[in-house]
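A short worksheet on the structure shown next.
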Amino acid sequence: AKRPPNPPAAPTIERVEIKKLSRKPDLRPGDEFPQKVVDFEVPPPREGSIYKKSEAVEIARRYPKGSALRRTCIEAMLHRGYVPNSLKSVYRLLQRYEKGLPIIDNAWGRTGCPPLLSDDEVDAIIERLKQGVGRIYCQADVEQILVNAVREKMAKQGRDPEGVTIRFSRTSVRNYCTMFKSKLSSVYWAE
């Protein structure tokens, strides 16, 4: 008895693992930044403690469109607290500029709660720290500086700061640490 021939073997399909392309996260002030960003030199703001929108665009435009240098430059601005927004917001401003649309130097849009202290109040704290002989040893010191500043602000507004518990999120304290570090030399930091 003849056996029927075996059916042809099914072709083998090799499984190939597909890797998803990972997008770089949209960094914001206070985030952890790579060392190349920390070391990247950007000029300080001409007025105050943050860039005007047109100033941020002017500095970022020094580097070729789509280049890693342009991104690193913008990340350095964020790291130092010179741009109080996100990477995307600066790229959107650059797109507006490239389309020939005007860059209006109004306040940067901020998400979330309003800042605890205004730019002028932060500058006043920095000046006081520069005149004093104290040093900042840790985030708890920065938090205490913030608590004192908010109590002082409440007293100026005619509100009694005594008995009021003032707390800050770790993110807020970390953001102010980054801002203070960008404005003070290492002489004031004991790490």
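Every chain in the structure tokens takes a letter, A first, then B, and so on in the order presented; its residues are numbered from 1, and the ligands are numbered from 1 following the presented order.
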
- [ ] Write out as JSON, numbers by chain which residues come within 10 Å of Gln144 in chain A when counting only C-alpha atoms, dropping same-chain ones fewer than 3 positions away.
- [x] {"A": [139, 140, 141, 147, 148, 149, 150, 166, 167, 168, 173]}

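Separating CA of Arg96 in chain A from CA of Pro34 in chain A is a distance of 28.0 Å.
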
Could you give me, as a PDB file with N, CA, C and O atoms, in the first residue's frame, the residues within 9 Å of range 115-128 of chain A, counting only C-alpha atoms and dropping anything in the same chain fewer than 2 positions from it?
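Saved the output as out_22.pdb:
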```
ATOM      1  N   GLY A  48      16.390  90.739  34.286  1.00  0.00           N
ATOM      2  CA  GLY A  48      15.708  89.835  35.208  1.00  0.00           C
ATOM      3  C   GLY A  48      16.362  88.470  35.288  1.00  0.00           C
ATOM      4  O   GLY A  48      17.555  88.317  35.036  1.00  0.00           O
ATOM      5  N   SER A  49      15.538  87.473  35.601  1.00  0.00           N
ATOM      6  CA  SER A  49      16.076  86.132  35.812  1.00  0.00           C
ATOM      7  C   SER A  49      15.635  85.126  34.759  1.00  0.00           C
ATOM      8  O   SER A  49      16.066  83.976  34.798  1.00  0.00           O
ATOM      9  N   ILE A  50      14.752  85.540  33.834  1.00  0.00           N
ATOM     10  CA  ILE A  50      14.348  84.638  32.753  1.00  0.00           C
ATOM     11  C   ILE A  50      14.451  85.363  31.413  1.00  0.00           C
ATOM     12  O   ILE A  50      14.416  86.593  31.356  1.00  0.00           O
ATOM     13  N   ARG A 110       2.289  79.530  31.856  1.00  0.00           N
ATOM     14  CA  ARG A 110       2.689  78.578  32.889  1.00  0.00           C
ATOM     15  C   ARG A 110       1.511  77.665  33.168  1.00  0.00           C
ATOM     16  O   ARG A 110       0.366  78.100  33.183  1.00  0.00           O
ATOM     17  N   GLY A 112      -0.249  74.756  35.810  1.00  0.00           N
ATOM     18  CA  GLY A 112      -0.259  74.425  37.225  1.00  0.00           C
ATOM     19  C   GLY A 112      -0.452  75.649  38.092  1.00  0.00           C
ATOM     20  O   GLY A 112      -0.988  76.669  37.671  1.00  0.00           O
ATOM     21  N   CYS A 113      -0.007  75.541  39.318  1.00  0.00           N
ATOM     22  CA  CYS A 113      -0.162  76.622  40.298  1.00  0.00           C
ATOM     23  C   CYS A 113       0.715  77.808  39.923  1.00  0.00           C
ATOM     24  O   CYS A 113       1.755  77.643  39.307  1.00  0.00           O
ATOM     25  N   LYS A 130      23.821  86.570  48.860  1.00  0.00           N
ATOM     26  CA  LYS A 130      25.158  87.030  48.459  1.00  0.00           C
ATOM     27  C   LYS A 130      25.770  87.957  49.505  1.00  0.00           C
ATOM     28  O   LYS A 130      26.978  87.964  49.697  1.00  0.00           O
ATOM     29  N   GLN A 131      24.946  88.734  50.177  1.00  0.00           N
ATOM     30  CA  GLN A 131      25.450  89.659  51.187  1.00  0.00           C
ATOM     31  C   GLN A 131      25.757  88.963  52.508  1.00  0.00           C
ATOM     32  O   GLN A 131      26.595  89.415  53.265  1.00  0.00           O
ATOM     33  N   GLY A 132      25.070  87.863  52.782  1.00  0.00           N
ATOM     34  CA  GLY A 132      25.276  87.130  54.030  1.00  0.00           C
ATOM     35  C   GLY A 132      26.474  86.206  53.930  1.00  0.00           C
ATOM     36  O   GLY A 132      27.161  86.123  52.916  1.00  0.00           O
ATOM     37  N   ILE A 145      14.406  78.652  53.406  1.00  0.00           N
ATOM     38  CA  ILE A 145      14.493  79.983  52.786  1.00  0.00           C
ATOM     39  C   ILE A 145      13.144  80.336  52.163  1.00  0.00           C
ATOM     40  O   ILE A 145      12.651  81.456  52.296  1.00  0.00           O
ATOM     41  N   LEU A 146      12.517  79.368  51.488  1.00  0.00           N
ATOM     42  CA  LEU A 146      11.219  79.596  50.852  1.00  0.00           C
ATOM     43  C   LEU A 146      10.132  79.864  51.895  1.00  0.00           C
ATOM     44  O   LEU A 146       9.305  80.765  51.724  1.00  0.00           O
ATOM     45  N   ALA A 149      10.522  83.316  53.162  1.00  0.00           N
ATOM     46  CA  ALA A 149      10.122  84.296  52.146  1.00  0.00           C
ATOM     47  C   ALA A 149       8.606  84.388  52.031  1.00  0.00           C
ATOM     48  O   ALA A 149       8.046  85.494  51.911  1.00  0.00           O
ATOM     49  N   VAL A 150       7.916  83.259  52.086  1.00  0.00           N
ATOM     50  CA  VAL A 150       6.451  83.276  51.989  1.00  0.00           C
ATOM     51  C   VAL A 150       5.848  83.918  53.242  1.00  0.00           C
ATOM     52  O   VAL A 150       4.886  84.683  53.146  1.00  0.00           O
ATOM     53  N   LYS A 153       6.239  87.550  52.845  1.00  0.00           N
ATOM     54  CA  LYS A 153       5.276  88.015  51.846  1.00  0.00           C
ATOM     55  C   LYS A 153       3.878  88.141  52.477  1.00  0.00           C
ATOM     56  O   LYS A 153       3.166  89.122  52.239  1.00  0.00           O
ATOM     57  N   SER A 172       8.713  71.520  43.812  1.00  0.00           N
ATOM     58  CA  SER A 172       8.897  72.968  43.945  1.00  0.00           C
ATOM     59  C   SER A 172      10.242  73.289  44.580  1.00  0.00           C
ATOM     60  O   SER A 172      10.961  74.168  44.114  1.00  0.00           O
ATOM     61  N   TYR A 176      13.330  75.354  42.841  1.00  0.00           N
ATOM     62  CA  TYR A 176      13.983  76.537  43.409  1.00  0.00           C
ATOM     63  C   TYR A 176      15.466  76.276  43.664  1.00  0.00           C
ATOM     64  O   TYR A 176      16.283  77.177  43.515  1.00  0.00           O
ATOM     65  N   MET A 179      17.075  76.875  40.408  1.00  0.00           N
ATOM     66  CA  MET A 179      17.108  78.310  40.115  1.00  0.00           C
ATOM     67  C   MET A 179      18.194  78.999  40.945  1.00  0.00           C
ATOM     68  O   MET A 179      18.966  79.798  40.425  1.00  0.00           O
ATOM     69  N   PHE A 180      18.266  78.680  42.236  1.00  0.00           N
ATOM     70  CA  PHE A 180      19.271  79.304  43.097  1.00  0.00           C
ATOM     71  C   PHE A 180      20.676  78.921  42.644  1.00  0.00           C
ATOM     72  O   PHE A 180      21.572  79.753  42.620  1.00  0.00           O
ATOM     73  N   LYS A 183      21.942  80.955  39.830  1.00  0.00           N
ATOM     74  CA  LYS A 183      22.180  82.366  40.107  1.00  0.00           C
ATOM     75  C   LYS A 183      23.286  82.611  41.130  1.00  0.00           C
ATOM     76  O   LYS A 183      23.751  83.721  41.275  1.00  0.00           O
ATOM     77  N   LEU A 184      23.665  81.570  41.856  1.00  0.00           N
ATOM     78  CA  LEU A 184      24.699  81.703  42.885  1.00  0.00           C
ATOM     79  C   LEU A 184      25.925  80.897  42.496  1.00  0.00           C
ATOM     80  O   LEU A 184      25.810  79.814  41.943  1.00  0.00           O
TER      81      LEU A 184
END
```

Task: Per-residue DSSP, range 21-190 of chain A, filtered to helix (DSSP H, G or I), as a count of residues only - done: 85

Open item on the list: When you count only C-alpha atoms, which of these residues is closest to Lys53 in chain A: A:Trp108, A:Tyr91, A:Tyr97, A:Phe33?
Closed with: A:Trp108

Can you list every residue of range 69-153 of chain A that has an atom at most 8 Å from range 35-38 of chain A, with its nearest atom pair and the distance in Å to one decimal, using only C-alpha atoms, ordered by chain then number, as CSV?
```
residue,atom,partner,partner_atom,distance
A:Thr72,CA,A:Val37,CA,5.7
A:Cys73,CA,A:Val37,CA,7.4
A:Glu75,CA,A:Val37,CA,6.3
A:Ala76,CA,A:Val37,CA,5.1
A:His79,CA,A:Val38,CA,7.0
```

How would the residues just picked look written out with all heavy atoms as a short mmCIF file (atom, residue, chain, number, x, y, z; two decimals), in the first residue's frame?
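Here's the written file selection37.cif:
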```
data_model
loop_
_atom_site.label_atom_id
_atom_site.label_comp_id
_atom_site.auth_asym_id
_atom_site.auth_seq_id
_atom_site.Cartn_x
_atom_site.Cartn_y
_atom_site.Cartn_z
N THR A 72 20.25 70.77 22.76
CA THR A 72 21.05 70.88 23.99
C THR A 72 21.02 72.32 24.50
O THR A 72 20.93 72.54 25.71
CB THR A 72 22.50 70.42 23.72
OG1 THR A 72 22.47 69.09 23.21
CG2 THR A 72 23.33 70.45 24.98
N CYS A 73 21.07 73.28 23.60
CA CYS A 73 21.00 74.69 23.99
C CYS A 73 19.68 74.98 24.70
O CYS A 73 19.67 75.61 25.77
CB CYS A 73 21.14 75.57 22.74
SG CYS A 73 20.86 77.33 23.05
N GLU A 75 17.69 72.82 26.16
CA GLU A 75 17.67 72.07 27.43
C GLU A 75 18.50 72.80 28.49
O GLU A 75 18.14 72.82 29.67
CB GLU A 75 18.18 70.65 27.23
CG GLU A 75 17.20 69.78 26.46
CD GLU A 75 17.76 68.40 26.15
OE1 GLU A 75 18.98 68.16 26.30
OE2 GLU A 75 16.96 67.53 25.75
N ALA A 76 19.61 73.42 28.07
CA ALA A 76 20.45 74.18 29.01
C ALA A 76 19.67 75.39 29.55
O ALA A 76 19.79 75.75 30.72
CB ALA A 76 21.75 74.61 28.35
N HIS A 79 17.36 73.97 32.08
CA HIS A 79 18.11 73.53 33.26
C HIS A 79 18.43 74.70 34.18
O HIS A 79 18.32 74.59 35.41
CB HIS A 79 19.39 72.82 32.84
CG HIS A 79 20.36 72.60 33.95
ND1 HIS A 79 20.11 71.72 34.98
CD2 HIS A 79 21.55 73.17 34.22
CE1 HIS A 79 21.12 71.75 35.83
NE2 HIS A 79 22.01 72.63 35.39
#
```

Task: Among the residues A:Ile74, A:Asp39, A:Leu101, A:Tyr63, the one that comes closest to Lys88 in chain A [using only C-alpha atoms] - done: A:Ile74

Task: Neighbour list for Val90 in chain A as a list in words, cut-off 12 Å, only C-alpha atoms, skip fewer than 6 positions in-chain - done: Asp26, Leu27, Arg28, Tyr51, Lys52, Lys53, Ser54, Glu55, Ala56, Val57, Glu58, Ile59, Ala60, Arg61, Arg70, Arg71, Cys73, Ile74, Glu75, Met77, Leu78, Tyr82, Val83, Pro84, Arg96, Tyr97, Ile103, Trp108 and Gly109 of chain A

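In terms of minimum interatomic distance to Arg170 in chain A, A:Val142 ranks closest within A:Gln157, A:Pro44, A:Val142, A:Arg151, counting only C-alpha atoms.
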
Open item on the list: To one decimal place in Å, what is the distance between CA of Gly66 in chain A and CA of Glu98 in chain A?
Closed with: 12.8 Å
